[in-house]
Every structure is written in C-alpha cells, then in structure tokens.
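File shown here: input.cif, holding mmCIF, C-alpha atoms.
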data_data
loop_
_atom_site.label_atom_id
_atom_site.label_comp_id
_atom_site.auth_asym_id
_atom_site.auth_seq_id
_atom_site.Cartn_x
_atom_site.Cartn_y
_atom_site.Cartn_z
CA MET V 54 59.50 122.69 122.19
CA ARG V 55 60.60 123.39 125.74
CA ALA V 56 64.08 123.87 124.26
CA TRP V 57 62.94 127.38 123.36
CA PHE V 58 62.69 128.67 126.91
CA GLY V 59 66.32 128.51 128.06
CA PRO V 60 67.80 130.40 125.07
CA VAL V 61 64.91 132.87 125.09
CA ARG V 62 65.56 133.74 128.76
CA VAL V 63 69.27 134.21 128.05
CA CYS V 64 68.53 136.42 125.05
CA LEU V 65 66.06 138.55 127.04
CA ALA V 66 68.61 139.05 129.82
CA ILE V 67 71.29 140.13 127.35
CA ALA V 68 68.87 142.48 125.59
CA LEU V 69 67.89 144.12 128.88
CA MET V 70 71.53 144.54 129.90
CA LEU V 71 72.32 146.00 126.49
CA VAL V 72 69.54 148.55 126.66
CA ALA V 73 70.32 149.38 130.29
CA SER V 74 74.07 149.80 129.76
CA PRO V 75 75.55 153.30 129.78
CA ALA V 76 76.28 154.98 126.48
CA SER V 77 77.99 158.19 125.50
CA THR V 78 75.51 161.06 125.39
CA ALA V 79 77.68 163.19 123.15
CA ASP V 80 78.38 163.20 119.41
CA SER V 81 81.69 164.14 117.83
CA ASP V 82 81.88 166.87 115.24
CA ALA V 83 84.09 166.57 112.19
CA ASP V 84 86.97 168.25 114.01
CA GLY V 85 86.80 165.77 116.89
CA THR V 86 84.97 168.07 119.34
CA GLU V 87 81.88 166.77 121.07
CA ALA V 88 78.38 168.15 120.69
CA PRO V 89 75.46 167.16 122.89
CA ARG V 90 72.66 165.01 121.49
CA SER V 91 69.33 166.65 120.73
CA GLY V 92 67.80 165.66 124.07
CA ARG V 93 64.70 164.08 122.56
CA ILE V 94 63.66 160.70 121.19
CA GLN V 95 64.54 160.30 117.52
CA TRP V 96 62.11 158.19 115.48
CA PHE V 97 63.16 156.64 112.18
CA GLY V 98 61.87 154.46 109.37
CA GLU V 99 63.77 152.44 106.79
CA LEU V 100 62.69 151.11 103.41
CA GLY V 101 64.96 148.74 101.53
CA TYR V 102 64.93 146.64 98.37
CA ARG V 103 67.24 143.86 97.33
CA TRP V 104 67.84 141.95 94.12
CA ALA V 105 68.95 138.56 95.35
CA GLN V 106 69.90 135.24 93.80
CA PRO V 107 69.30 132.14 95.94
CA ASP V 108 71.01 128.79 95.87
CA VAL V 109 69.60 125.57 97.28
CA PRO V 110 71.44 122.52 98.60
CA ASP V 111 72.71 120.36 95.75
CA GLY V 112 71.16 122.85 93.30
CA THR V 113 70.30 120.10 90.80
CA ALA V 114 67.22 120.35 88.59
CA PHE V 115 67.81 117.06 86.73
CA ARG V 116 70.45 114.37 86.36
CA ILE V 117 70.90 112.92 82.89
CA PHE V 118 72.56 109.53 82.47
CA SER V 119 73.92 108.24 79.21
CA ARG V 120 72.59 104.85 78.09
CA SER V 121 75.58 104.42 75.77
CA SER V 122 79.08 103.40 76.78
CA VAL V 123 80.66 106.59 75.45
CA GLY V 124 78.22 109.33 76.44
CA PRO V 125 78.87 111.49 79.53
CA ASN V 126 76.54 111.77 82.52
CA ARG V 127 75.35 115.31 83.12
CA ARG V 128 73.97 117.41 85.96
CA ILE V 129 71.54 120.18 85.02
CA PRO V 130 71.56 122.93 87.70
CA PHE V 131 68.80 125.38 88.48
CA ASP V 132 69.29 128.61 86.55
CA TRP V 133 68.47 131.34 89.06
CA ASP V 134 67.87 134.97 88.15
CA ALA V 135 67.90 137.77 90.69
CA ASP V 136 64.45 138.52 92.12
CA SER V 137 63.45 141.51 94.21
CA GLY V 138 62.42 141.53 97.85
CA TYR V 139 61.79 144.31 100.32
CA ARG V 140 62.27 145.12 103.98
CA ILE V 141 60.74 147.70 106.32
CA SER V 142 62.08 148.91 109.67
CA LEU V 143 60.58 151.22 112.29
CA GLY V 144 62.11 152.33 115.55
CA PHE V 145 63.41 155.03 117.83
CA GLU V 146 66.60 156.10 119.59
CA ASP V 147 66.73 158.07 122.85
CA PRO V 148 69.26 160.82 123.72
CA HIS V 149 71.60 158.21 125.26
CA GLY V 150 71.83 156.15 122.07
CA MET V 151 69.50 153.38 123.24
CA GLY V 152 66.46 152.34 121.24
CA LEU V 153 64.09 149.76 119.84
CA ARG V 154 63.79 148.49 116.28
CA LEU V 155 61.12 146.44 114.46
CA ARG V 156 61.91 144.91 111.07
CA TYR V 157 60.15 142.84 108.43
CA ALA V 158 61.87 141.37 105.35
CA GLN V 159 60.47 139.28 102.50
CA LEU V 160 61.77 137.49 99.40
CA ASP V 161 59.81 135.36 96.91
CA THR V 162 61.80 133.86 94.03
CA ASP V 163 61.39 131.05 91.52
CA THR V 164 63.13 129.40 88.59
CA GLY V 165 62.39 126.82 85.91
CA VAL V 166 64.40 124.39 83.78
CA GLN V 167 63.40 122.38 80.72
CA VAL V 168 65.41 119.59 79.04
CA ASN V 169 64.85 117.48 75.91
CA LEU V 170 66.45 114.04 75.78
CA GLY V 171 67.26 111.70 72.93
CA ARG V 172 67.11 107.92 72.86
CA SER V 173 70.66 107.57 74.18
CA ASP V 174 69.88 109.34 77.51
CA ALA V 175 67.86 108.70 80.66
CA LEU V 176 66.34 111.30 82.95
CA ASP V 177 66.49 110.96 86.77
CA VAL V 178 63.92 112.81 88.92
CA PHE V 179 64.22 113.12 92.74
CA GLU V 180 67.22 110.80 92.63
CA GLY V 181 67.83 108.97 95.91
CA ALA V 182 64.79 110.49 97.66
CA PRO V 183 63.29 107.94 100.08
CA GLU V 184 60.00 109.87 100.07
CA PHE V 185 59.59 108.86 96.41
CA GLY V 186 60.98 105.35 96.74
CA GLY V 187 64.48 106.35 95.61
CA GLY V 188 63.32 108.53 92.71
CA PHE V 189 62.19 107.99 89.12
CA ARG V 190 64.07 107.24 85.89
CA PHE V 191 62.71 107.80 82.38
CA ASN V 192 64.47 106.55 79.25
CA GLY V 193 64.56 108.97 76.32
CA PRO V 194 63.28 110.36 74.16
CA ASN V 195 61.33 112.60 76.51
CA GLN V 196 60.95 116.14 77.78
CA GLY V 197 61.33 117.18 81.43
CA THR V 198 60.29 120.46 83.04
CA THR V 199 60.78 121.51 86.66
CA PHE V 200 59.94 124.66 88.65
CA LEU V 201 61.26 125.58 92.08
CA GLU V 202 59.91 128.38 94.30
CA ILE V 203 61.47 129.70 97.52
CA ASP V 204 59.65 132.09 99.84
CA THR V 205 61.16 133.61 103.00
CA GLN V 206 59.73 135.98 105.61
CA VAL V 207 61.63 137.37 108.60
CA TYR V 208 60.40 139.42 111.60
CA ASP V 209 62.77 141.03 114.14
CA ILE V 210 62.22 142.94 117.38
CA GLU V 211 65.36 144.09 119.17
CA GLY V 212 66.88 146.58 121.55
CA THR V 213 69.71 148.70 120.13
CA ILE V 214 72.53 150.79 121.52
CA LYS V 215 74.66 153.21 119.54
CA HIS V 216 78.21 154.26 120.38
CA ARG V 217 80.54 156.76 118.75
CA HIS V 218 84.24 155.94 118.63
CA GLY V 219 86.07 158.95 117.21
CA ARG V 220 84.69 159.26 113.69
CA ALA V 221 83.08 155.81 113.56
CA ASP V 222 79.61 154.82 114.75
CA SER V 223 78.75 151.34 116.00
CA VAL V 224 75.33 149.86 116.67
CA PHE V 225 74.81 146.69 118.72
CA SER V 226 71.47 144.94 119.03
CA ALA V 227 69.89 141.92 120.69
CA GLY V 228 66.36 140.63 120.53
CA PHE V 229 64.16 138.01 118.92
CA ARG V 230 63.59 136.75 115.38
CA TYR V 231 60.73 134.80 113.85
CA ALA V 232 61.46 133.40 110.39
CA GLU V 233 59.82 131.05 107.95
CA MET V 234 60.91 129.47 104.68
CA SER V 235 58.98 127.38 102.19
CA GLN V 236 60.26 125.49 99.15
CA ILE V 237 58.01 124.02 96.43
CA GLN V 238 59.20 121.98 93.46
CA SER V 239 57.10 120.58 90.63
CA VAL V 240 58.25 118.19 87.88
CA ASP V 241 56.58 117.23 84.57
CA VAL V 242 57.88 114.56 82.20
CA VAL V 243 56.31 113.91 78.79
CA ASP V 244 57.35 110.45 77.60
CA PRO V 245 55.86 108.49 74.67
CA ASP V 246 56.20 105.29 76.73
CA LEU V 247 53.82 106.64 79.38
CA ALA V 248 50.05 106.50 79.08
CA ALA V 249 49.89 109.97 80.65
CA PRO V 250 52.51 112.63 81.49
CA PHE V 251 54.39 112.12 84.75
CA PHE V 252 53.83 114.77 87.39
CA ALA V 253 55.26 115.21 90.89
CA LEU V 254 54.98 117.97 93.48
CA ALA V 255 57.06 118.27 96.66
CA ARG V 256 56.74 120.89 99.41
CA GLY V 257 58.83 121.61 102.47
CA SER V 258 58.69 124.35 105.10
CA PHE V 259 60.37 125.57 108.27
CA ASP V 260 59.26 128.18 110.80
CA GLY V 261 61.11 129.08 113.98
CA PHE V 262 61.63 131.64 116.72
CA GLY V 263 64.71 132.48 118.76
CA PRO V 264 67.39 134.97 119.81
CA THR V 265 69.12 137.27 117.36
CA PHE V 266 72.26 139.41 117.82
CA ALA V 267 73.75 141.97 115.43
CA ALA V 268 76.60 144.48 115.19
CA GLU V 269 77.31 147.19 112.61
CA VAL V 270 80.07 149.77 112.12
CA SER V 271 79.89 152.79 109.81
CA ILE V 272 83.04 154.78 109.08
CA PRO V 273 82.73 158.15 107.32
CA PHE V 274 85.09 159.64 104.79
CA ALA V 275 86.62 163.10 105.30
CA SER V 276 83.35 164.90 104.52
CA ARG V 277 81.42 162.84 107.14
CA ARG V 278 78.41 162.86 104.80
CA SER V 279 79.51 159.67 103.08
CA GLY V 280 81.38 156.55 104.05
CA PHE V 281 81.12 152.80 104.19
CA TYR V 282 79.37 150.39 106.50
CA VAL V 283 79.72 146.71 107.42
CA GLY V 284 77.66 144.50 109.71
CA GLY V 285 76.62 140.98 110.61
CA ARG V 286 73.90 139.08 112.44
CA LEU V 287 73.57 135.71 114.15
CA SER V 288 70.17 134.13 114.82
CA TYR V 289 69.43 130.78 116.43
CA LEU V 290 65.93 129.58 115.61
CA PHE V 291 63.95 126.86 117.37
CA GLY V 292 61.02 125.61 115.35
CA GLU V 293 59.43 122.91 113.24
CA SER V 294 59.83 121.56 109.71
CA GLU V 295 57.41 119.49 107.67
CA GLY V 296 56.85 118.37 104.11
CA ASP V 297 54.55 116.50 101.77
CA GLY V 298 54.30 115.51 98.15
CA VAL V 299 52.41 113.62 95.45
CA ALA V 300 53.35 111.80 92.25
CA PHE V 301 51.30 110.57 89.25
CA SER V 302 53.15 108.03 87.14
CA ASN V 303 51.64 105.98 84.30
CA GLY V 304 48.19 106.02 85.86
CA ALA V 305 49.42 105.27 89.40
CA PHE V 306 49.17 107.71 92.30
CA GLY V 307 51.49 107.99 95.31
CA GLU V 308 51.95 110.44 98.13
CA TYR V 309 54.06 111.02 101.23
CA ARG V 310 53.91 113.22 104.29
CA ASN V 311 56.71 114.11 106.68
CA PRO V 312 54.98 115.10 109.95
CA SER V 313 56.08 118.14 111.93
CA ALA V 314 59.43 117.63 113.64
CA ASP V 315 61.37 119.84 116.04
CA GLU V 316 64.35 121.46 114.34
CA THR V 317 66.92 124.18 115.04
CA VAL V 318 68.33 126.42 112.31
CA LEU V 319 71.32 128.74 112.58
CA MET V 320 70.90 131.81 110.39
CA LEU V 321 73.78 134.12 109.41
CA ASP V 322 73.42 137.58 107.81
CA ALA V 323 76.12 139.92 106.50
CA TRP V 324 76.07 143.26 104.71
CA LEU V 325 78.48 145.97 103.54
CA GLY V 326 78.45 148.93 101.20
CA TYR V 327 78.53 152.71 100.68
CA GLN V 328 76.29 155.27 102.39
CA LEU V 329 75.46 158.94 101.89
CA GLU V 330 73.77 160.88 104.69
CA THR V 331 71.82 164.13 104.54
CA ARG V 332 70.01 165.93 107.32
CA ARG V 333 66.86 163.81 107.08
CA VAL V 334 67.72 160.82 104.88
CA ARG V 335 70.50 158.23 104.81
CA TYR V 336 70.97 156.39 101.51
CA ARG V 337 72.76 153.06 101.20
CA ILE V 338 73.79 150.78 98.37
CA GLY V 339 75.73 147.59 98.88
CA TRP V 340 75.81 143.81 99.13
CA GLN V 341 73.69 141.66 101.43
CA GLY V 342 73.73 137.92 102.05
CA GLU V 343 72.10 135.40 104.32
CA ILE V 344 72.63 131.70 104.98
CA TRP V 345 70.04 129.33 106.44
CA LEU V 346 72.13 126.42 107.70
CA ASP V 347 70.83 122.89 107.17
CA THR V 348 67.58 123.78 105.42
CA GLY V 349 67.33 121.12 102.71
CA LEU V 350 63.53 120.98 102.83
CA LEU V 351 62.86 118.97 99.66
CA PRO V 352 63.18 115.20 99.07
CA GLY V 353 66.74 113.99 98.59
CA VAL V 354 68.23 117.40 99.43
CA GLN V 355 70.44 118.24 102.41
CA GLY V 356 72.53 121.32 103.18
CA ASP V 357 72.35 125.11 103.43
CA THR V 358 70.14 127.60 101.59
CA THR V 359 71.88 130.87 100.65
CA VAL V 360 70.61 134.20 99.32
CA PHE V 361 73.03 136.89 98.09
CA GLY V 362 72.54 140.07 96.12
CA LEU V 363 72.46 143.85 95.70
CA SER V 364 70.72 145.97 98.35
CA VAL V 365 69.51 149.59 98.34
CA GLU V 366 68.02 151.40 101.33
CA ALA V 367 66.73 154.77 102.46
CA ALA V 368 66.38 155.64 106.16
CA PHE V 369 64.17 158.59 107.09
CA LYS V 370 64.36 160.75 110.22
CA PRO V 371 61.59 163.32 110.91
#
Turn the structure described in the file into structure tokens.
Amino acid sequence: MRAWFGPVRVCLAIALMLVASPASTADSDADGTEAPRSGRIQWFGELGYRWAQPDVPDGTAFRIFSRSSVGPNRRIPFDWDADSGYRISLGFEDPHGMGLRLRYAQLDTDTGVQVNLGRSDALDVFEGAPEFGGGFRFNGPNQGTTFLEIDTQVYDIEGTIKHRHGRADSVFSAGFRYAEMSQIQSVDVVDPDLAAPFFALARGSFDGFGPTFAAEVSIPFASRRSGFYVGGRLSYLFGESEGDGVAFSNGAFGEYRNPSADETVLMLDAWLGYQLETRRVRYRIGWQGEIWLDTGLLPGVQGDTTVFGLSVEAAFKP
C-alpha cells in the first residue's frame, strides 16, 4: 500500500497551489461591468437526489443453452430499474473565490430475474467462474431466480477556486476521494432432479482512497438567472478488493474466498444540465454519470461498472 504515498503527495501539492493561486476578486454584472465581491466568507450547502440505472460488466443474469439441434442459445440480461440515491455537500468560499468543499454521495440499487425452462433447455449459472469450478449447468425443466445488489458510497474533501470569464463561471477543484463499492449476487435453482434446491451466494467489494480533480463551467442565458452547466471529474483510487461465496448443490457444500489484494481503480464522473439561480438558492436538473473502471467484483465477471441517470439539486446560501 506504499503506492498511495507518491500520488497523495502530488495531489496535496496541486491542491495547495490551487488554493493559493490568485483569483479575480470582482464579479461581472449583466452589462459586463465589474462589481466587488461581498468581502466575507460565503458558506453553502447542497442537497441532491439522483435516479440512476447501473450496468455491470457482462450484465448477464443467466445463459440458456438449447439441448436440441434447432433451438437458439439465449442470454438473459439483468433488468435494471432506476433507483434513487442522494448526495450532500457543505463548504465555503472566501472573497477571492477560494474555498473548501466536503461531499458525500450514496446509491443502493438491486434487481432480480426469474426464468422457467422446459426440457429442451439447460441453465448455466456462474459460467466460466473459477471460484465455482467453472460454473454450474442444470438441465430443464427447472426454475432459476437471481438477485443482484450494488451499493456505492463516496466521500470527497477538496479545495476549490472560482473564476469568472465574462459571463461564464468556472470552478476548479483538487483534493482526495474515498470510495467503496460492494456487489452481492444470489442464485436459486429449483430442479426436480435435485434432492434440494440449488443455492449460491457471491460477494465482492472494493474500497480505495486517492486524488480527485474536477472542473465545471456554468454559462448563463441573457437573464443571468438561468443557464446551463457542464462538468467532469477524474479520481484515481488506491485500495483493496476481496470476495467470497458459498454454494449448496444436491446436498453438497462448497465455498471460496478471494483474500484482500491491492488494486487501483480509475473513476470518471460527468454531469450537465439546466440551472436556475435566485438570491439564496440555485436549482439544477440534469444528467449525471459515473464509471468505475475495471470493477468486475463477482465470479466470472470482468470490466467496468457504470451508473447513469437523472439528477436534481438545490444549493443554499445563507
């Protein structure tokens, strides 16, 4: 885990330079003239909700293979609905446009799939997963049910600096992010050829800490009270992943455990939308997405985990 220290020192140096860099101390009015800032620290709080739909690597709930020479093989994907998550931010900005921001964001979502097979089909579970000996196959008729849950939590602390360029505002930030993700999948198969129903449970998790950098631009319309915004974030997380699982099949019991292993995850965030600003509150509605690169945490799964959806937010200034 010593790999943390080099990037963390670089991130801290950049954050200090960002906060210490000079910024314009004047705001522009709608006619282009400049007005001085208020001369005091401005505190703010933000409350946001999002309705997001995740996607996991491979995204396959079951694979169904035809036992006849004419039947097609089929892939049954997970059927995700949008679930809600929230985020909270607190911070301040000084008269020179420099500040500090703390943020917490959370999303907990799950989905389930059920299939019923006839005698001409076979059901594959955890296909190709070495943790389960290459997976399990059940000849029909049978019924398979699987549930998948994904939980993410993200914590940010960062220095910010705000600039005004004509009518547009830009905010740059650098700091640190701690993030964790867990994935849990359960599978049940009821088969008349089995003495008891088949059951398997697999769990995987990642948690990491590292530097985070973000930039955002908001451009008002003619009235200056409304406009659009766009932004992005890059985070490089150093942490650990682990997993375990159990399976009960025809009276036999098996289990596996993947011990903790060092892992790095690149995380990308993007957002854009429409905003309306009053004297004390700024309202936003738009699209938000995030990608956790190379976070296939379950057996037989490799690739990226994505979360995209609608976002609404209100920012309050006393």
*asked:* Just checking: using all atoms listed in the file, which residue out of V:Ile141, V:Leu321, V:Val224, V:Ala275 ends up closest to Asp347 of chain V?
replied: V:Leu321
*asked:* the PyMOL selection byres ((chain V and resi 109-112) around 9) - which residues does that actually catch in the file I just gave you? List them as a PyMOL selection string.
replied: chain V and resi 107-108+113-114+129-131+347-349+354-360
Non-local contacts of Arg335 of chain V (12 Å; all atoms listed in the file; under 5 positions in same chain excluded) as a CSV table (one decimal) with C-alpha atoms, in the frame of the given file:
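File around-v9.csv, as written:
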chain,number,residue,atom,x,y,z
V,97,PHE,CA,63.2,156.6,112.2
V,98,GLY,CA,61.9,154.5,109.4
V,99,GLU,CA,63.8,152.4,106.8
V,100,LEU,CA,62.7,151.1,103.4
V,101,GLY,CA,65.0,148.7,101.5
V,271,SER,CA,79.9,152.8,109.8
V,278,ARG,CA,78.4,162.9,104.8
V,279,SER,CA,79.5,159.7,103.1
V,280,GLY,CA,81.4,156.6,104.0
V,281,PHE,CA,81.1,152.8,104.2
V,282,TYR,CA,79.4,150.4,106.5
V,327,TYR,CA,78.5,152.7,100.7
V,328,GLN,CA,76.3,155.3,102.4
V,329,LEU,CA,75.5,158.9,101.9
V,330,GLU,CA,73.8,160.9,104.7
V,365,VAL,CA,69.5,149.6,98.3
V,366,GLU,CA,68.0,151.4,101.3
V,367,ALA,CA,66.7,154.8,102.5
V,368,ALA,CA,66.4,155.6,106.2
V,369,PHE,CA,64.2,158.6,107.1
V,370,LYS,CA,64.4,160.8,110.2
V,371,PRO,CA,61.6,163.3,110.9
Report, as JSON, the centre and edge lengths in Å (one decimal) of the axis-aligned box enclosing every listed atom of segment 348-351 of chain V, padded by 8 Å on each side.
{"center_x": 65.2, "center_y": 121.4, "center_z": 102.5, "size_x": 20.7, "size_y": 20.8, "size_z": 21.8}
_So the first atom is atom CA of Asp244 of chain V and the second is atom CA of Arg116 of chain V; what is the distance between them in Å, to one decimal place?_
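Straight-line distance from atom CA of Asp244 of chain V to atom CA of Arg116 of chain V works out to 16.2 Å.
The closest residue to Pro250 of chain V, picked from V:Leu319, V:Ile210, V:Ala305, V:Ala182 and counting all atoms listed in the file, is V:Ala305.
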*Could you work out how far atom CA of Arg128 of chain V lies from atom CA of Pro245 of chain V, giving the answer in Å with one decimal?*
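Distance reported for this atom pair: 23.1 Å.
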*Using all atoms listed in the file, which residue out of V:Gln95, V:Thr213, V:Ser302, V:Gln238 lies closest to Arg190 of chain V?*
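Counting all atoms listed in the file, the residue closest to Arg190 of chain V is V:Ser302.
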*Which residues match the PyMOL selection byres ((chain V and resi 284-298) around 8) in the file above, as a PyMOL selection string?*
chain V and resi 54+56-57+230-232+253-270+282-283+299-300+308-325+350-351
*Considering all atoms listed in the file, state which residue in the set V:Ser364, V:Gly353, V:Asp177, V:Asp161 is at the smallest distance from Gly339 of chain V.*
V:Ser364
Can you rebuild segment 253-289 of chain V with N, CA and C atoms and give it as a compact mmCIF listing (two decimals), in the coordinates of the input?
# COMPACT_ATOMS: atom_id res chain seq x y z
N ALA V 253 54.96 115.31 89.46
CA ALA V 253 55.26 115.21 90.89
C ALA V 253 55.34 116.60 91.49
N LEU V 254 54.92 116.71 92.75
CA LEU V 254 54.98 117.97 93.48
C LEU V 254 55.49 117.68 94.89
N ALA V 255 56.50 118.43 95.31
CA ALA V 255 57.06 118.27 96.66
C ALA V 255 57.10 119.62 97.34
N ARG V 256 56.75 119.65 98.63
CA ARG V 256 56.74 120.89 99.41
C ARG V 256 57.44 120.66 100.73
N GLY V 257 58.19 121.65 101.17
CA GLY V 257 58.83 121.61 102.47
C GLY V 257 58.82 122.99 103.10
N SER V 258 58.74 123.05 104.43
CA SER V 258 58.69 124.35 105.10
C SER V 258 59.35 124.27 106.47
N PHE V 259 59.82 125.42 106.92
CA PHE V 259 60.37 125.57 108.27
C PHE V 259 59.90 126.90 108.82
N ASP V 260 59.51 126.92 110.10
CA ASP V 260 59.26 128.18 110.80
C ASP V 260 59.81 128.06 112.21
N GLY V 261 60.47 129.14 112.68
CA GLY V 261 61.11 129.08 113.98
C GLY V 261 61.26 130.44 114.61
N PHE V 262 61.53 130.43 115.91
CA PHE V 262 61.63 131.64 116.72
C PHE V 262 62.83 131.48 117.65
N GLY V 263 63.57 132.58 117.86
CA GLY V 263 64.71 132.48 118.76
C GLY V 263 65.49 133.78 118.86
N PRO V 264 66.60 133.76 119.58
CA PRO V 264 67.39 134.97 119.81
C PRO V 264 68.15 135.40 118.56
N THR V 265 68.35 136.70 118.46
CA THR V 265 69.12 137.27 117.36
C THR V 265 70.04 138.37 117.90
N PHE V 266 71.26 138.44 117.39
CA PHE V 266 72.26 139.41 117.82
C PHE V 266 72.91 140.01 116.57
N ALA V 267 73.17 141.31 116.60
CA ALA V 267 73.75 141.97 115.43
C ALA V 267 74.72 143.07 115.86
N ALA V 268 75.66 143.38 114.97
CA ALA V 268 76.60 144.48 115.19
C ALA V 268 76.90 145.12 113.84
N GLU V 269 77.03 146.45 113.84
CA GLU V 269 77.31 147.19 112.61
C GLU V 269 78.24 148.36 112.92
N VAL V 270 79.16 148.64 112.00
CA VAL V 270 80.07 149.77 112.12
C VAL V 270 79.99 150.58 110.84
N SER V 271 79.84 151.89 110.96
CA SER V 271 79.89 152.79 109.81
C SER V 271 81.02 153.79 110.02
N ILE V 272 81.85 153.92 109.00
CA ILE V 272 83.04 154.78 109.08
C ILE V 272 82.95 155.82 107.98
N PRO V 273 82.88 157.11 108.33
CA PRO V 273 82.73 158.15 107.32
C PRO V 273 84.06 158.49 106.65
N PHE V 274 83.94 159.07 105.46
CA PHE V 274 85.09 159.64 104.79
C PHE V 274 85.35 161.03 105.38
N ALA V 275 86.23 161.80 104.75
CA ALA V 275 86.62 163.10 105.30
C ALA V 275 85.43 164.05 105.43
N SER V 276 84.47 163.97 104.50
CA SER V 276 83.35 164.90 104.52
C SER V 276 82.32 164.57 105.59
N ARG V 277 82.36 163.34 106.16
CA ARG V 277 81.42 162.84 107.14
C ARG V 277 80.03 162.60 106.57
N ARG V 278 79.72 163.10 105.38
CA ARG V 278 78.41 162.86 104.80
C ARG V 278 78.34 161.50 104.12
N SER V 279 79.48 160.96 103.76
CA SER V 279 79.51 159.67 103.08
C SER V 279 80.57 158.78 103.71
N GLY V 280 80.45 157.50 103.47
CA GLY V 280 81.38 156.55 104.05
C GLY V 280 80.97 155.13 103.71
N PHE V 281 81.51 154.19 104.43
CA PHE V 281 81.12 152.80 104.19
C PHE V 281 80.65 152.17 105.49
N TYR V 282 79.94 151.08 105.34
CA TYR V 282 79.37 150.39 106.50
C TYR V 282 79.58 148.89 106.32
N VAL V 283 79.60 148.17 107.44
CA VAL V 283 79.72 146.71 107.42
C VAL V 283 79.05 146.18 108.68
N GLY V 284 78.36 145.05 108.56
CA GLY V 284 77.66 144.50 109.71
C GLY V 284 77.38 143.02 109.54
N GLY V 285 76.95 142.39 110.63
CA GLY V 285 76.62 140.98 110.61
C GLY V 285 75.60 140.65 111.68
N ARG V 286 74.96 139.50 111.53
CA ARG V 286 73.90 139.08 112.44
C ARG V 286 73.96 137.57 112.61
N LEU V 287 73.68 137.13 113.83
CA LEU V 287 73.57 135.71 114.15
C LEU V 287 72.23 135.45 114.81
N SER V 288 71.47 134.49 114.27
CA SER V 288 70.17 134.13 114.82
C SER V 288 70.12 132.61 115.00
N TYR V 289 69.55 132.21 116.14
CA TYR V 289 69.43 130.78 116.43
C TYR V 289 67.95 130.49 116.62
